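Dropping input09.cif in here (mmCIF, C-alpha atoms):
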```
data_target
#
loop_
_atom_site.label_atom_id
_atom_site.label_comp_id
_atom_site.auth_asym_id
_atom_site.auth_seq_id
_atom_site.Cartn_x
_atom_site.Cartn_y
_atom_site.Cartn_z
CA GLN A 1 -22.23 15.44 8.33
CA VAL A 2 -20.65 13.30 5.64
CA GLN A 3 -20.48 9.61 6.43
CA LEU A 4 -18.75 6.99 4.34
CA VAL A 5 -19.15 3.35 5.30
CA GLU A 6 -17.14 0.66 3.55
CA SER A 7 -18.03 -3.01 3.28
CA GLY A 8 -16.90 -6.09 1.41
CA GLY A 9 -13.36 -6.56 2.63
CA GLY A 10 -12.00 -9.93 3.66
CA LEU A 11 -9.57 -12.72 2.86
CA VAL A 12 -9.13 -13.94 -0.70
CA GLN A 13 -6.65 -16.17 -2.49
CA ALA A 14 -4.23 -14.69 -4.98
CA GLY A 15 -5.83 -14.47 -8.40
CA GLY A 16 -9.26 -14.10 -6.88
CA SER A 17 -11.74 -11.25 -6.90
CA LEU A 18 -13.35 -9.03 -4.33
CA ARG A 19 -15.91 -6.24 -4.53
CA LEU A 20 -15.84 -3.38 -2.07
CA SER A 21 -18.77 -1.06 -1.55
CA CYS A 22 -19.08 2.35 0.06
CA ALA A 23 -22.36 3.85 1.24
CA ALA A 24 -22.36 7.64 1.45
CA SER A 25 -24.72 9.87 3.39
CA GLY A 26 -24.93 13.50 4.43
CA LEU A 27 -23.81 14.93 1.09
CA PRO A 28 -25.29 15.88 -2.28
CA PHE A 29 -23.81 12.78 -3.85
CA THR A 30 -23.51 13.81 -7.49
CA THR A 31 -21.54 16.94 -6.58
CA TYR A 32 -18.80 14.84 -5.01
CA ALA A 33 -16.03 12.97 -6.68
CA MET A 34 -15.60 9.60 -4.98
CA GLY A 35 -12.57 7.40 -4.72
CA TRP A 36 -10.56 4.75 -2.96
CA PHE A 37 -7.17 4.80 -1.33
CA ARG A 38 -5.35 1.99 0.38
CA GLN A 39 -2.71 1.72 3.03
CA ALA A 40 -0.59 -1.34 3.66
CA SER A 41 1.10 -1.85 6.99
CA GLY A 42 4.15 0.40 7.28
CA LYS A 43 3.49 2.15 3.98
CA GLU A 44 2.01 5.46 2.90
CA ARG A 45 -1.52 5.80 1.63
CA GLU A 46 -1.76 4.97 -2.06
CA PHE A 47 -4.28 6.17 -4.62
CA VAL A 48 -6.39 3.37 -6.06
CA ALA A 49 -9.19 4.92 -8.10
CA ALA A 50 -11.53 7.87 -8.42
CA ILE A 51 -14.73 8.66 -10.29
CA SER A 52 -16.46 11.89 -11.23
CA GLY A 53 -19.94 12.80 -10.01
CA GLY A 54 -21.63 11.71 -13.21
CA GLY A 55 -19.64 8.50 -13.34
CA SER A 56 -18.25 9.01 -16.82
CA ARG A 57 -14.70 9.87 -15.83
CA THR A 58 -12.52 7.40 -13.92
CA ASN A 59 -8.87 7.46 -12.92
CA TYR A 60 -6.74 4.61 -11.62
CA GLY A 61 -3.46 4.20 -9.85
CA ASP A 62 -0.65 2.66 -11.86
CA SER A 63 -0.39 -0.44 -9.68
CA VAL A 64 -4.04 -1.44 -10.17
CA GLN A 65 -4.66 -0.28 -13.73
CA GLY A 66 -6.43 -2.99 -15.71
CA ARG A 67 -7.38 -5.08 -12.67
CA ILE A 68 -9.72 -2.77 -10.80
CA THR A 69 -12.92 -0.99 -11.82
CA ILE A 70 -14.62 1.81 -9.92
CA SER A 71 -18.30 2.54 -10.41
CA ARG A 72 -21.05 4.50 -8.69
CA ASP A 73 -24.80 4.31 -8.36
CA ASN A 74 -26.12 7.83 -7.88
CA ALA A 75 -29.61 6.58 -7.13
CA LYS A 76 -28.30 4.60 -4.16
CA ASN A 77 -25.43 6.89 -3.10
CA THR A 78 -22.93 4.08 -3.37
CA VAL A 79 -19.55 3.61 -4.98
CA ASP A 80 -18.07 0.18 -5.67
CA LEU A 81 -14.60 -1.13 -6.33
CA GLN A 82 -14.39 -4.37 -8.29
CA MET A 83 -10.98 -5.94 -7.84
CA ASN A 84 -9.83 -8.83 -10.01
CA SER A 85 -6.60 -10.82 -10.35
CA LEU A 86 -5.69 -9.88 -6.82
CA LYS A 87 -2.09 -10.13 -5.66
CA PRO A 88 -0.63 -10.39 -2.17
CA GLU A 89 0.69 -6.84 -2.59
CA ASP A 90 -2.91 -5.65 -2.85
CA SER A 91 -3.33 -6.48 0.84
CA ALA A 92 -4.14 -3.26 2.69
CA VAL A 93 -6.84 -1.29 4.44
CA TYR A 94 -9.02 0.25 1.73
CA TYR A 95 -10.58 3.64 2.38
CA CYS A 96 -13.53 5.22 0.64
CA VAL A 97 -13.03 8.95 0.07
CA ALA A 98 -15.04 11.89 -1.16
CA THR A 99 -14.35 15.46 -2.16
CA ARG A 100 -16.57 18.23 -3.44
CA TRP A 101 -16.28 18.37 -7.22
CA THR A 102 -19.20 19.84 -9.15
CA TYR A 103 -18.05 18.88 -12.66
CA LEU A 104 -20.03 15.75 -13.42
CA HIS A 105 -18.05 14.47 -16.35
CA THR A 106 -14.48 15.51 -15.68
CA LEU A 107 -11.92 14.67 -13.03
CA PRO A 108 -8.26 15.53 -13.45
CA SER A 109 -5.91 12.58 -13.25
CA SER A 110 -3.91 14.69 -10.83
CA TYR A 111 -6.68 14.28 -8.26
CA SER A 112 -4.83 11.41 -6.64
CA LEU A 113 -3.39 12.85 -3.44
CA PRO A 114 -4.81 12.04 0.00
CA SER A 115 -4.87 15.76 0.84
CA GLN A 116 -7.30 16.41 -2.01
CA TYR A 117 -10.02 14.29 -0.38
CA ASP A 118 -11.45 15.71 2.81
CA ASN A 119 -13.90 12.94 3.70
CA TRP A 120 -12.72 9.46 4.63
CA GLY A 121 -14.38 6.28 5.74
CA GLN A 122 -13.08 4.04 8.51
CA GLY A 123 -11.59 1.55 6.08
CA THR A 124 -12.02 -2.12 5.34
CA GLN A 125 -9.27 -4.73 5.44
CA VAL A 126 -8.39 -6.71 2.32
CA THR A 127 -5.98 -9.60 2.68
CA VAL A 128 -4.74 -11.55 -0.32
CA ALA A 129 -3.16 -14.87 0.54
CA SER A 130 -0.44 -16.29 -1.68
#
```

Could you write out this file's structure as structure tokens?
Amino acid sequence: QVQLVESGGGLVQAGGSLRLSCAASGLPFTTYAMGWFRQASGKEREFVAAISGGGSRTNYGDSVQGRITISRDNAKNTVDLQMNSLKPEDSAVYYCVATRWTYLHTLPSSYSLPSQYDNWGQGTQVTVAS
């Protein structure tokens, strides 16, 4: 059974940085594309970032482009989200996601819909104070 456990959320001042981490188990890690979505109160889930199994292909949502970096450590089965220059509008519950994708070095930019990821973590709250 696939398990995704997020950590690293919390309260940060605007302009600050935060690093989220996701530990994955129960899956052949390199054959899964990993990603992050977020959901603010009263809003729909929004794509944040995704990374291919080999780690060489990354995609980002328009609202976080240039401020957020996704990375993965295939030896540790973890995927991280480094968030810089945080804004109050980045406040949301952040979810780690995974989907089977056997192409190590490609990931279509169109892979940004919640329905395309069939494994979700419980989420971690990020709050950015103004």

Go through the shown structure with the PyMOL selection byres ((chain A and resi 71) around 8) and write out the matching residues as a PyMOL selection string.
chain A and resi 51+55+69-70+72-73+79-81

Which residue of A:Ser91, A:Gln82, A:Ser17, A:Leu107 approaches Gly53 of chain A most closely, using only C-alpha atoms:
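Using only C-alpha atoms, the shortest distance to Gly53 of chain A belongs to A:Leu107.
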
Name every residue that the PyMOL selection byres ((chain A and resi 50) around 7) selects in this structure, writing the answer as a count of residues only with chains first and numbers rising.
10

Take the PyMOL selection byres ((chain A and resi 102) around 7), run it mentally on this structure, and tell me the resulting residues as a list in words.
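Answer for the PyMOL selection byres ((chain A and resi 102) around 7): Thr31, Tyr32, Arg100, Trp101, Tyr103 and Leu104 of chain A.
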
Residue with smallest distance to Phe47 of chain A - pool A:Ser63, A:Asn84, A:Asn77, A:Ser7, counting all atoms listed in the file
A:Ser63

Using atom CA of Lys43 of chain A and atom CA of Gly9 of chain A as the two end points, give the distance in Å to one decimal.
19.0 Å

Residues within 8 Å of segment 120-122 of chain A, all atoms listed in the file, excluding chain neighbours under 4 positions, as a list in words
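Those residues are Gln3, Leu4, Val5, Glu6, Tyr95, Cys96, Val97 and Ala98 of chain A.
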
May I ask which of the residues A:Leu27, A:Val12, A:Ala40, A:Ala33 is the closest one to His105 of chain A, counting all atoms listed in the file?
A:Ala33

So what do you get for atom CA of Arg67 of chain A versus atom CA of Pro88 of chain A, distance-wise?
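Spanning atom CA of Arg67 of chain A to atom CA of Pro88 of chain A is a straight-line distance of 13.6 Å.
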
Can you tell me how far atom CA of Ser85 of chain A sits from atom CA of Ala14 of chain A, in Å to one decimal?
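For atom CA of Ser85 of chain A relative to atom CA of Ala14 of chain A, the distance reads 7.0 Å.
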
For Lys87 of chain A, which of A:Thr30, A:Ser130, A:Ser25, A:Gln65 is the closest residue, counting only C-alpha atoms?
A:Ser130

Which residues are near Lys76 of chain A? Cut-off 10 Å, only C-alpha atoms, ignore same chain within fewer than 6 positions. Put them as number ranges by chain.
A: 23-25, 29

Can you list, as a list in words, every protein, DNA or RNA residue that comes within 6 Å of Gln39 of chain A when you count all atoms listed in the file, leaving out same-chain residues fewer than 4 positions away?
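The contact residues come out as Arg45, Ala92 and Val93 of chain A.
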
Could you name the residues that touch Gly10 of chain A at 7 Å or less, counting all atoms listed in the file, but leaving out those on the same chain fewer than 4 positions away, as an MDAnalysis selection string?
chainID A and resid 125:127

Completion step: segment 28-40 of chain A with N, CA, C and O atoms as an mmCIF file, in the frame of the given file:
```
data_model
loop_
_atom_site.group_PDB
_atom_site.id
_atom_site.type_symbol
_atom_site.label_atom_id
_atom_site.label_comp_id
_atom_site.auth_asym_id
_atom_site.auth_seq_id
_atom_site.Cartn_x
_atom_site.Cartn_y
_atom_site.Cartn_z
ATOM 1 N N PRO A 28 -24.632 15.944 -0.959
ATOM 2 C CA PRO A 28 -25.290 15.880 -2.280
ATOM 3 C C PRO A 28 -24.410 15.057 -3.217
ATOM 4 O O PRO A 28 -23.454 15.557 -3.806
ATOM 5 N N PHE A 29 -24.725 13.801 -3.344
ATOM 6 C CA PHE A 29 -23.810 12.780 -3.850
ATOM 7 C C PHE A 29 -23.211 13.116 -5.213
ATOM 8 O O PHE A 29 -22.022 12.922 -5.434
ATOM 9 N N THR A 30 -24.014 13.587 -6.135
ATOM 10 C CA THR A 30 -23.510 13.810 -7.490
ATOM 11 C C THR A 30 -22.538 14.982 -7.588
ATOM 12 O O THR A 30 -21.837 15.119 -8.586
ATOM 13 N N THR A 31 -22.477 15.813 -6.562
ATOM 14 C CA THR A 31 -21.540 16.940 -6.580
ATOM 15 C C THR A 31 -20.232 16.593 -5.875
ATOM 16 O O THR A 31 -19.430 17.478 -5.567
ATOM 17 N N TYR A 32 -20.027 15.307 -5.632
ATOM 18 C CA TYR A 32 -18.800 14.840 -5.010
ATOM 19 C C TYR A 32 -18.115 13.813 -5.901
ATOM 20 O O TYR A 32 -18.754 12.864 -6.373
ATOM 21 N N ALA A 33 -16.834 14.031 -6.104
ATOM 22 C CA ALA A 33 -16.030 12.970 -6.680
ATOM 23 C C ALA A 33 -15.769 11.950 -5.577
ATOM 24 O O ALA A 33 -15.549 12.317 -4.416
ATOM 25 N N MET A 34 -15.807 10.684 -5.937
ATOM 26 C CA MET A 34 -15.600 9.600 -4.980
ATOM 27 C C MET A 34 -14.352 8.812 -5.379
ATOM 28 O O MET A 34 -13.976 8.775 -6.555
ATOM 29 N N GLY A 35 -13.769 8.169 -4.398
ATOM 30 C CA GLY A 35 -12.570 7.400 -4.720
ATOM 31 C C GLY A 35 -12.213 6.404 -3.652
ATOM 32 O O GLY A 35 -12.935 6.242 -2.661
ATOM 33 N N TRP A 36 -11.103 5.730 -3.898
ATOM 34 C CA TRP A 36 -10.560 4.750 -2.960
ATOM 35 C C TRP A 36 -9.058 4.949 -2.845
ATOM 36 O O TRP A 36 -8.364 5.151 -3.848
ATOM 37 N N PHE A 37 -8.591 4.879 -1.622
ATOM 38 C CA PHE A 37 -7.170 4.800 -1.330
ATOM 39 C C PHE A 37 -6.936 3.514 -0.548
ATOM 40 O O PHE A 37 -7.875 2.912 -0.037
ATOM 41 N N ARG A 38 -5.683 3.126 -0.458
ATOM 42 C CA ARG A 38 -5.350 1.990 0.380
ATOM 43 C C ARG A 38 -4.055 2.273 1.116
ATOM 44 O O ARG A 38 -3.230 3.072 0.679
ATOM 45 N N GLN A 39 -3.923 1.572 2.241
ATOM 46 C CA GLN A 39 -2.710 1.720 3.030
ATOM 47 C C GLN A 39 -2.298 0.368 3.576
ATOM 48 O O GLN A 39 -3.029 -0.232 4.371
ATOM 49 N N ALA A 40 -1.161 -0.106 3.136
ATOM 50 C CA ALA A 40 -0.590 -1.340 3.660
ATOM 51 C C ALA A 40 0.207 -1.017 4.920
ATOM 52 O O ALA A 40 0.651 0.119 5.117
#
```
